[in-house]
Amino acid sequence: MTAPLHEPTAEAAPSAADEAAVAAAGTKAVQGRSLGRIAWERLKRDKLALTGGIVVLLLIVVALLAPLITKLVGQDPNAYNESMIDPLFGTPKGSLGGISGDHLLGVEPVSGRDIFARIVYGAQISLLVGFLSAVVAVVLGTVLGILAGFFGGWVDSVISRVMDGLLAFPQLLFIIALVSVMPNQMLGLSGTGVRVFVMILVIGFFGWPYIGRVVRGQTLSLREREYVEAARSLGAGQLYILFKELLPNLVAPIIVYSTMMIPTNILTEAALSFLGVGVKPPTASWGQMLSNAIDYYDSDPMYMVVPGVAIFITVLAFNLFGDGVRDALDPKGSR
Amino acid sequence: MTTQRTSGRRKQALAAAAVVAGLLTTAACGGGDSDGSKNGAAGFDAANNKVAQASLAKKGGTLKFGGAQDADSWDTTRGYYGFAWNFMRYYSRQLVTNKTSAGADGAKVTPDLATGLAKITDGGKTYTYTLRDGVTWEDGKPITSKDVKYGIERVWAQDVLSGGPTYLKDFLDPDGKYQGPYKDKSADHLGLKAIDTPDDKTIVFHLPKANADFEEVLALTSASPVRQDKDTKAKYTLHPFSSGPYKFASYSPGKDLTLVRNDAWKQSSDPVRKAYPDKITVKFFSNANDLDQRLINGDIDLDLNQTGMSPQGRTVALKQHKGNLDNPVSGYIRYAVFPQSVKPFDNVHCRNAVIYGADHVSLQTARGGPVAGGDIGTNMLPPSVPGAEGQKYDPFQIAGANKNGNAAKAKEELKACGKADGFSTTIAVRNNKPVEVATAQSLQASLAKVGIKAEIDQYDGSQTPGIIGSPSNVKKKGYGIIIMGWGPDFPTVQGFGLPLWDSKYISQSGNNNYALIKDKKIDGLFDQYVNTLDAGKKTEIATEINHKVMEGGYYLPFTFEKFINWRSDRLANVYTTDAYSGMYDFVNLGLKSSK
């Protein structure tokens with residue numbers, strides 16, 4: 001097809017709806033609105049996305065204030081409460097996994113640790129790993145993607161092949177192998193700190209090609225655009241073009257992809273903890289709780305339900321929010 | 001013996017039985033504990049240290065085993081799993097074997113191929129046996145003393161036949177002069193000097209040094225006869241040539257195993273085995289929960305591995321089928337041990353601080369609670385070993401005043417150790433044992449309260465001998481606390497404690513003396529024990545060794561382990577035996593109906 005007739009999708013030109021809105025405003029002075037502002041207007045109208053966003057915010061607050069919240073309910077995530085456990089079966093006394101006024105979500109089998117406190121602390125790990133690994137992936141993906149797209153040639157070939165290789169790499173197996181040979185102390189971190197650090201790095205490292213491909217594709221189409229030509233003919237340097245002309249126009253897809261990446265990373269962290277290569281005990285993690293719950297799915301189903309629901313809600317909230325952000329930034333984008 | 005290798009026996013069961021009975025009244029929640037109907041289950045603990053429904057056993061039928069794990073080897077020389085030793089009695093006979101009776105009596109040694117127990121002469125250095133008439137192989141040929149000698153010689157061929165217990169080799173040829181039958185230059189490959197076979201019916205053992213437990217070791221299945229022309233070396237596990245009432249019909253490792261009657265075996269030649277069923281099948285499952293479900297459904301009669309039901313099946317069974325369960329003591333002690341090479345555990349006060357700081361009830365709960373886990377362990381001699389005192393000997397008040405931990409006492413010990421503010425250390429635990437990981441977490445939580453900060457390192461459980469069995473690695477990794485378990489190969493202080501506590505047994509790999517105990521008194525007591533033939537004196541020495549070990553504060557015992565095993569409604573003549581760590585005695589199980 002012929003290129004000039006077609007608007008590239010990521011240009012995020014004002015949508016038909018907005019144009020209509022502007023038209024409806026009639027004689028009102030046409031005001032220039034920034035991309036962010038337009039997107040925000042659209043997002044505000046998307047109830048589902050807003051709900052997702054509020055839940056995400058809430059989760060972040062919970063994770064940040066975990067010590068305060070657990071203090072308020074008077075429970076320590078690592079304190080054992082044997083009195084709550086039936087010694088014969090090792091399961092919590094009382095119905096629904098020992099849910100009571102003291103233990104809002106019941107207690108763990110065998111140890112009697114408070115599940116609410118552990119869920120709250122578990123949010124810290126999930127969000128920390130989810131966010132930071134997304135940051136690692138976005139930084140790597142953006143820089144390498146933009147370089148590949150802009151310079152083309154051998155740079156593009158090398159980076160693209162590396163991305164292909166990484167996408168084909170069995171990352172879960174690699175992390176399992178890596179974690180088991182990791183030292184206990186590293187860079188001033190120890191125990192759980194090392195594990196979290198390694199998880200963030202590795203999940204982020206294996207995540208960048210996804211975002212790298214998108215950025216490269218967008219760059220390829222953007223660099224042929226007239227405004228880039230114009231900048232170039234005015235004598236702008238390559239760095240200037242890269243960061244002042246191209247990058248701002250890549251912000252939309254980058255934001256969309258990073259919001260979609262966070263829930264995937266949270267799931268990966270849960271999977272790793274489930275497999276026993278995540279955080280170290282006694283640090284609480286949702287995946288680890290799920291893994292422990294397997295032995296009690298019959299006698300204490302609540303123990304499995306609670307972390308399961310926590311993961312479900314978190315991932316769903318991020319996905320809804322991410323979808324909303326994408327629709328807002330890129331209404332013509334295909335679902 | 002390592003944890004997987006469940007074997008061992010115990011003698012003193014009365015105390016344990018009383019505790020079980022006590023628990024029944026407090027912890028029972030429904031389920032029929034009556035003696036049981038003729039067609040139904042015999043009742044909870046009906047076969048624990050006593051025989052259940054003996055008179056209901058009929059000849060014939062198919063006895064169905066299920067297992068989550070195949071034997072390490074069915075070769076009598078190579079197997080080390082306790083259940084494998086137990087099962088081997090179906091197709092192998094020994095000069096002497098364990099009595100086929102319930103509880104402590106089952107751990108006693110009784111003649112099998114031999115006409116009587118050993119004639120011991122030369123101050124305990126010479127053992128003479130005479131073979132019974134009419135004992136035959138599965139092809140009808142007679143079993144000779146040379147077959148017995150050859151079977152025992154195979155223990156020396158560790159390069160080809162690794163894995164089994166090597167006590168015979170250690171006792172008969174401690175310097176390792178004999179090369180084993182496969183490298184034997186003599187024409188009949190019977191060059192081992194320590195055993196004489198003057199004729200086909202007589203066998204004489206010459207020990208270089210007396211050992212009070214020699215006959216116990218001869219009762220292990222590793223002393224079974226093997227016929228030279230049927231020895232397929234490493235492949236022998238696929239079809240061991242039978243000397244017992246059953247023979248291999250088919251075996252696919254990890255899938256199934258079928259034994260059928262050995263028609264050449266004559267009841268009149270065997271005072272031990274009853275051989276009730278016509279056929280014995282074993283089916284292997286990859287998932288323990290799956291196996292438990294099949295047991296509860298009645299598709300399978302009993303668990304081959306006899307390591308207790310998993311938490312899921314256990315809960316269902318305890319709630320709905322209590323009459324099908326037994327709750328025997330396993331002979332294992334579960335414990336934490338403190339390597340003295342790792343600071344500050346070189347100081348006895350720091351070791352004591354951990355013992356006092358631990359919450360013993362929490363550790364017991366992590367092990368499965370009083371029924372599925374066992375009673376709180378208070379010292380390091382399992383109840384099955386003569387000389388054990390059970391919970392009566394409790395120097396740290398572990399099951400008494402300090403059972404929930406004694407922070408004040410722990411702080412005092414920390415001060416005496418010069419670490420008033422506590423210290424940091426690492427707990428090493430196998431990653432493939434969820435229950436052990438749970439105990440490590442419990443210990444971590446209670447130690448945090450007295451200022452001891454413990455990091456948990458879950459290492460690859462399949463690499464145990466190379467990781468915690470290497471003192472240099474333990475020191476390098478700073479493993480101040482190691483979580484382990486140990487059970488006796490045979491129920492004496494030597495069969496349990498020698499590799500754990502004797503300084504001669506410290507080795508650079510596969511070490512089991514994790515605490516690196518170098519106590520001349522303990523070493524001396526072991527030397528004295530081996531030369532003592534009087535049973536009463538042996539018991540005294542065992543007690544003394546246990547006291548010395550506890551006084552050193554090397555160990556924090558968790559539980560005297562117990563487990564919960566399933567027996568189907570179809571089974572008759574069922575009983576647990578101390579010969580095999582509280583497992584059911586397989587060889588004389590019968591069925592109520594021949595169908």
# chains A, B, ... in the order shown; residues from 1 in each chain; ligands from 1

call {"tool": "interface_residues", "arguments": {"of": "chain B", "to": "chain A", "cutoff": "6 Å", "atoms": "only C-alpha atoms", "output": "MDAnalysis selection string"}}
result
chainID B and resid 312 365:366 369

call {"tool": "select_by_dssp", "arguments": {"residues": "stretch 85-241 of chain A", "states": "helix (DSSP H, G or I)", "output": "PDB file with C-alpha atoms, in the first residue's frame"}}
result
ATOM      1  CA  ILE A 115      -3.308 -14.888  56.913  1.00  0.00           C
ATOM      2  CA  PHE A 116      -4.511 -11.285  56.683  1.00  0.00           C
ATOM      3  CA  ALA A 117      -1.146  -9.984  57.862  1.00  0.00           C
ATOM      4  CA  ARG A 118       0.666 -12.278  55.461  1.00  0.00           C
ATOM      5  CA  ILE A 119      -1.528 -11.240  52.537  1.00  0.00           C
ATOM      6  CA  VAL A 120      -0.831  -7.590  53.305  1.00  0.00           C
ATOM      7  CA  TYR A 121       2.915  -8.175  53.465  1.00  0.00           C
ATOM      8  CA  GLY A 122       2.699 -10.444  50.428  1.00  0.00           C
ATOM      9  CA  ALA A 123       1.371  -7.460  48.453  1.00  0.00           C
ATOM     10  CA  GLN A 124       4.709  -5.728  49.058  1.00  0.00           C
ATOM     11  CA  ILE A 125       6.640  -8.476  47.341  1.00  0.00           C
ATOM     12  CA  SER A 126       4.180  -8.874  44.482  1.00  0.00           C
ATOM     13  CA  LEU A 127       4.022  -5.189  43.671  1.00  0.00           C
ATOM     14  CA  LEU A 128       7.716  -4.565  44.232  1.00  0.00           C
ATOM     15  CA  VAL A 129       8.731  -7.312  41.850  1.00  0.00           C
ATOM     16  CA  GLY A 130       5.929  -6.491  39.419  1.00  0.00           C
ATOM     17  CA  PHE A 131       6.785  -2.793  39.166  1.00  0.00           C
ATOM     18  CA  LEU A 132      10.551  -2.855  39.298  1.00  0.00           C
ATOM     19  CA  SER A 133      10.912  -5.670  36.806  1.00  0.00           C
ATOM     20  CA  ALA A 134       8.598  -3.734  34.482  1.00  0.00           C
ATOM     21  CA  VAL A 135      10.862  -0.704  34.913  1.00  0.00           C
ATOM     22  CA  VAL A 136      13.910  -2.780  33.992  1.00  0.00           C
ATOM     23  CA  ALA A 137      12.113  -4.179  30.948  1.00  0.00           C
ATOM     24  CA  VAL A 138      10.839  -0.769  29.822  1.00  0.00           C
ATOM     25  CA  VAL A 139      14.216   0.940  30.112  1.00  0.00           C
ATOM     26  CA  LEU A 140      16.035  -1.832  28.271  1.00  0.00           C
ATOM     27  CA  GLY A 141      13.262  -2.314  25.724  1.00  0.00           C
ATOM     28  CA  THR A 142      12.894   1.350  24.921  1.00  0.00           C
ATOM     29  CA  VAL A 143      16.577   2.103  24.552  1.00  0.00           C
ATOM     30  CA  LEU A 144      17.396  -0.972  22.490  1.00  0.00           C
ATOM     31  CA  GLY A 145      14.152  -0.827  20.491  1.00  0.00           C
ATOM     32  CA  ILE A 146      14.619   2.789  19.522  1.00  0.00           C
ATOM     33  CA  LEU A 147      18.248   2.192  18.560  1.00  0.00           C
ATOM     34  CA  ALA A 148      17.306  -0.786  16.408  1.00  0.00           C
ATOM     35  CA  GLY A 149      14.484   1.064  14.705  1.00  0.00           C
ATOM     36  CA  PHE A 150      16.321   4.305  14.178  1.00  0.00           C
ATOM     37  CA  PHE A 151      19.691   3.120  13.006  1.00  0.00           C
ATOM     38  CA  GLY A 153      21.263  -1.955   9.346  1.00  0.00           C
ATOM     39  CA  TRP A 154      23.567  -4.133  11.385  1.00  0.00           C
ATOM     40  CA  VAL A 155      22.472  -2.534  14.677  1.00  0.00           C
ATOM     41  CA  ASP A 156      18.909  -3.553  13.925  1.00  0.00           C
ATOM     42  CA  SER A 157      19.977  -7.044  12.870  1.00  0.00           C
ATOM     43  CA  VAL A 158      21.968  -7.668  16.008  1.00  0.00           C
ATOM     44  CA  ILE A 159      19.337  -6.320  18.414  1.00  0.00           C
ATOM     45  CA  SER A 160      16.506  -8.083  16.609  1.00  0.00           C
ATOM     46  CA  ARG A 161      18.277 -11.426  16.684  1.00  0.00           C
ATOM     47  CA  VAL A 162      19.022 -10.977  20.390  1.00  0.00           C
ATOM     48  CA  MET A 163      15.344 -10.291  20.957  1.00  0.00           C
ATOM     49  CA  ASP A 164      14.364 -13.384  18.989  1.00  0.00           C
ATOM     50  CA  GLY A 165      16.784 -15.422  21.052  1.00  0.00           C
ATOM     51  CA  LEU A 166      15.503 -14.102  24.353  1.00  0.00           C
ATOM     52  CA  LEU A 167      11.887 -14.682  23.370  1.00  0.00           C
ATOM     53  CA  ALA A 168      12.725 -18.295  22.656  1.00  0.00           C
ATOM     54  CA  GLN A 171      13.027 -18.083  31.253  1.00  0.00           C
ATOM     55  CA  LEU A 172      11.289 -19.978  34.066  1.00  0.00           C
ATOM     56  CA  LEU A 173      13.814 -22.800  33.917  1.00  0.00           C
ATOM     57  CA  PHE A 174      16.638 -20.301  33.735  1.00  0.00           C
ATOM     58  CA  ILE A 175      15.481 -18.491  36.872  1.00  0.00           C
ATOM     59  CA  ILE A 176      15.066 -21.744  38.772  1.00  0.00           C
ATOM     60  CA  ALA A 177      18.598 -22.753  37.854  1.00  0.00           C
ATOM     61  CA  LEU A 178      19.998 -19.310  38.629  1.00  0.00           C
ATOM     62  CA  VAL A 179      18.335 -18.929  42.014  1.00  0.00           C
ATOM     63  CA  SER A 180      19.596 -22.281  43.238  1.00  0.00           C
ATOM     64  CA  VAL A 181      23.217 -21.272  42.642  1.00  0.00           C
ATOM     65  CA  THR A 192      15.075 -12.620  50.632  1.00  0.00           C
ATOM     66  CA  GLY A 193      16.760  -9.419  49.433  1.00  0.00           C
ATOM     67  CA  VAL A 194      18.994 -11.387  47.075  1.00  0.00           C
ATOM     68  CA  ARG A 195      16.070 -13.394  45.776  1.00  0.00           C
ATOM     69  CA  VAL A 196      13.952 -10.326  45.128  1.00  0.00           C
ATOM     70  CA  PHE A 197      16.840  -8.573  43.415  1.00  0.00           C
ATOM     71  CA  VAL A 198      17.499 -11.564  41.183  1.00  0.00           C
ATOM     72  CA  MET A 199      13.814 -11.971  40.351  1.00  0.00           C
ATOM     73  CA  ILE A 200      13.480  -8.323  39.384  1.00  0.00           C
ATOM     74  CA  LEU A 201      16.556  -8.430  37.179  1.00  0.00           C
ATOM     75  CA  VAL A 202      15.739 -11.683  35.482  1.00  0.00           C
ATOM     76  CA  ILE A 203      12.023 -11.090  34.933  1.00  0.00           C
ATOM     77  CA  GLY A 204      12.852  -7.621  33.643  1.00  0.00           C
ATOM     78  CA  PHE A 205      15.654  -8.896  31.432  1.00  0.00           C
ATOM     79  CA  PHE A 206      13.469 -11.515  29.791  1.00  0.00           C
ATOM     80  CA  GLY A 207      10.599  -9.048  29.453  1.00  0.00           C
ATOM     81  CA  TRP A 208      12.315  -6.316  27.441  1.00  0.00           C
ATOM     82  CA  PRO A 209      12.104  -7.907  23.984  1.00  0.00           C
ATOM     83  CA  TYR A 210       8.311  -7.661  24.058  1.00  0.00           C
ATOM     84  CA  ILE A 211       8.431  -3.935  24.527  1.00  0.00           C
ATOM     85  CA  GLY A 212      11.576  -3.666  22.406  1.00  0.00           C
ATOM     86  CA  ARG A 213       9.794  -5.064  19.356  1.00  0.00           C
ATOM     87  CA  VAL A 214       6.928  -2.626  19.646  1.00  0.00           C
ATOM     88  CA  VAL A 215       9.221   0.347  20.103  1.00  0.00           C
ATOM     89  CA  ARG A 216      11.362  -0.736  17.173  1.00  0.00           C
ATOM     90  CA  GLY A 217       8.302  -1.085  14.932  1.00  0.00           C
ATOM     91  CA  GLN A 218       6.994   2.347  15.894  1.00  0.00           C
ATOM     92  CA  THR A 219      10.400   3.931  15.431  1.00  0.00           C
ATOM     93  CA  LEU A 220      10.691   2.420  11.980  1.00  0.00           C
ATOM     94  CA  SER A 221       7.534   4.152  10.855  1.00  0.00           C
ATOM     95  CA  LEU A 222       8.109   7.377  12.781  1.00  0.00           C
ATOM     96  CA  GLU A 226       7.944  14.632   7.736  1.00  0.00           C
ATOM     97  CA  TYR A 227       8.687  16.245  11.084  1.00  0.00           C
ATOM     98  CA  VAL A 228      11.707  14.047  11.496  1.00  0.00           C
ATOM     99  CA  GLU A 229      12.794  14.951   7.989  1.00  0.00           C
ATOM    100  CA  ALA A 230      12.267  18.574   8.884  1.00  0.00           C
ATOM    101  CA  ALA A 231      14.331  18.327  12.038  1.00  0.00           C
ATOM    102  CA  ARG A 232      17.030  16.555  10.143  1.00  0.00           C
ATOM    103  CA  SER A 233      17.135  19.136   7.388  1.00  0.00           C
ATOM    104  CA  GLN A 238      20.841  12.157  15.888  1.00  0.00           C
ATOM    105  CA  LEU A 239      20.578  12.220  19.652  1.00  0.00           C
ATOM    106  CA  TYR A 240      18.269  15.220  19.447  1.00  0.00           C
ATOM    107  CA  ILE A 241      16.045  13.438  16.962  1.00  0.00           C
TER     108      ILE A 241
END

call {"tool": "atom_distance", "arguments": {"atom1": "atom CA of A:Thr51", "atom2": "atom CA of A:Asp323"}}
result
11.9 Å

call {"tool": "residues_around", "arguments": {"residues": "stretch 182-197 of chain B", "least_positions_apart": "6", "cutoff": "8 Å", "atoms": "only C-alpha atoms", "output": "list of chain:residue names"}}
result
B:Ser145, B:Lys146, B:Lys149, B:Tyr150, B:Glu153, B:Ala157, B:Leu172, B:Asp173, B:Ile203, B:Val204, B:Phe205, B:His206, B:Leu207

call {"tool": "write_last_selection", "arguments": {"atoms": "N, CA and C atoms", "output": "tab-separated table (two decimals), in the first residue's frame"}}
result
chain	number	residue	atom	x	y	z
B	145	SER	N	25.43	-73.98	52.24
B	145	SER	CA	26.16	-72.97	53.02
B	145	SER	C	27.01	-72.10	52.09
B	146	LYS	N	27.41	-72.68	50.92
B	146	LYS	CA	28.22	-71.91	49.96
B	146	LYS	C	27.38	-70.81	49.33
B	149	LYS	N	27.33	-68.07	51.82
B	149	LYS	CA	28.60	-67.35	51.82
B	149	LYS	C	28.71	-66.44	50.61
B	150	TYR	N	28.30	-66.97	49.43
B	150	TYR	CA	28.40	-66.16	48.22
B	150	TYR	C	27.49	-64.92	48.33
B	153	GLU	N	29.25	-62.51	50.46
B	153	GLU	CA	30.43	-61.95	49.77
B	153	GLU	C	30.05	-60.81	48.84
B	157	ALA	N	31.36	-56.35	47.01
B	157	ALA	CA	31.46	-55.83	45.64
B	157	ALA	C	30.76	-54.49	45.53
B	172	LEU	N	33.34	-58.20	59.48
B	172	LEU	CA	34.11	-59.41	59.15
B	172	LEU	C	35.48	-59.07	58.56
B	173	ASP	N	35.57	-57.92	57.92
B	173	ASP	CA	36.79	-57.59	57.19
B	173	ASP	C	37.02	-56.08	57.26
B	203	ILE	N	28.17	-73.49	58.29
B	203	ILE	CA	28.84	-72.22	57.97
B	203	ILE	C	29.39	-71.61	59.25
B	204	VAL	N	30.66	-71.17	59.18
B	204	VAL	CA	31.33	-70.64	60.37
B	204	VAL	C	31.86	-69.24	60.07
B	205	PHE	N	31.51	-68.30	60.93
B	205	PHE	CA	31.99	-66.92	60.78
B	205	PHE	C	33.10	-66.65	61.78
B	206	HIS	N	34.22	-66.09	61.29
B	206	HIS	CA	35.32	-65.72	62.18
B	206	HIS	C	35.45	-64.21	62.20
B	207	LEU	N	35.10	-63.59	63.31
B	207	LEU	CA	35.22	-62.14	63.41
B	207	LEU	C	36.61	-61.77	63.93

call {"tool": "residues_around", "arguments": {"residues": "B:Lys538", "least_positions_apart": "2", "cutoff": "9 Å", "atoms": "only C-alpha atoms", "output": "MDAnalysis selection string"}}
result
chainID B and resid 212 386:387 492:493 528:530 532:536 540:543

call {"tool": "residues_around", "arguments": {"residues": "stretch 301-314 of chain A", "least_positions_apart": "4", "cutoff": "8 Å", "atoms": "only C-alpha atoms", "output": "PyMOL selection string"}}
result
chain A and resi 55-56+59+96-97+105-109+119+263+267+286-287+289-290+293-294+296-297+318

call {"tool": "residues_around", "arguments": {"residues": "B:Val109", "least_positions_apart": "2", "cutoff": "9 Å", "atoms": "only C-alpha atoms", "output": "number ranges by chain"}}
result
B: 96-99, 105-107, 111, 117, 215-216, 219

call {"tool": "atom_distance", "arguments": {"atom1": "atom CA of A:Ser285", "atom2": "atom CA of A:Ala270"}}
result
7.5 Å

call {"tool": "residues_around", "arguments": {"residues": "B:Ala118", "least_positions_apart": "6", "cutoff": "6 Å", "atoms": "only C-alpha atoms", "output": "PyMOL selection string"}}
result
chain B and resi 127-129

call {"tool": "atom_distance", "arguments": {"atom1": "atom CA of B:Ala401", "atom2": "atom CA of B:Ile355"}}
result
13.0 Å

call {"tool": "closest_residue", "arguments": {"among": "B:Asp213, B:Asp502, B:Asp569, B:Glu561", "to": "B:Trp486", "atoms": "only C-alpha atoms"}}
result
B:Glu561

call {"tool": "closest_residue", "arguments": {"among": "B:Arg273, B:Gly524, B:Lys449, B:Gly469", "to": "B:Ser503", "atoms": "only C-alpha atoms"}}
result
B:Gly524

call {"tool": "closest_residue", "arguments": {"among": "B:Leu218, B:Ile506, B:Ala42, B:Val337", "to": "B:Lys518", "atoms": "only C-alpha atoms"}}
result
B:Ile506

call {"tool": "select_by_dssp", "arguments": {"residues": "stretch 53-287 of chain A", "states": "strand (DSSP E)", "output": "list in words"}}
result
Gln185, Met186, Leu189 and Ser190 of chain A

call {"tool": "write_last_selection", "arguments": {"atoms": "N, CA and C atoms", "output": "PDB file, in the first residue's frame"}}
result
ATOM      1  N   GLN A 185      24.503 -14.124  50.393  1.00  0.00           N
ATOM      2  CA  GLN A 185      24.785 -12.702  50.571  1.00  0.00           C
ATOM      3  C   GLN A 185      25.308 -12.145  49.259  1.00  0.00           C
ATOM      4  N   MET A 186      24.853 -10.954  48.908  1.00  0.00           N
ATOM      5  CA  MET A 186      25.263 -10.394  47.645  1.00  0.00           C
ATOM      6  C   MET A 186      25.000  -8.900  47.675  1.00  0.00           C
ATOM      7  N   LEU A 189      23.014  -7.313  50.185  1.00  0.00           N
ATOM      8  CA  LEU A 189      21.694  -7.872  50.458  1.00  0.00           C
ATOM      9  C   LEU A 189      21.889  -9.260  51.022  1.00  0.00           C
ATOM     10  N   SER A 190      20.842  -9.769  51.690  1.00  0.00           N
ATOM     11  CA  SER A 190      20.953 -11.151  52.122  1.00  0.00           C
ATOM     12  C   SER A 190      19.582 -11.800  52.073  1.00  0.00           C
TER      13      SER A 190
END
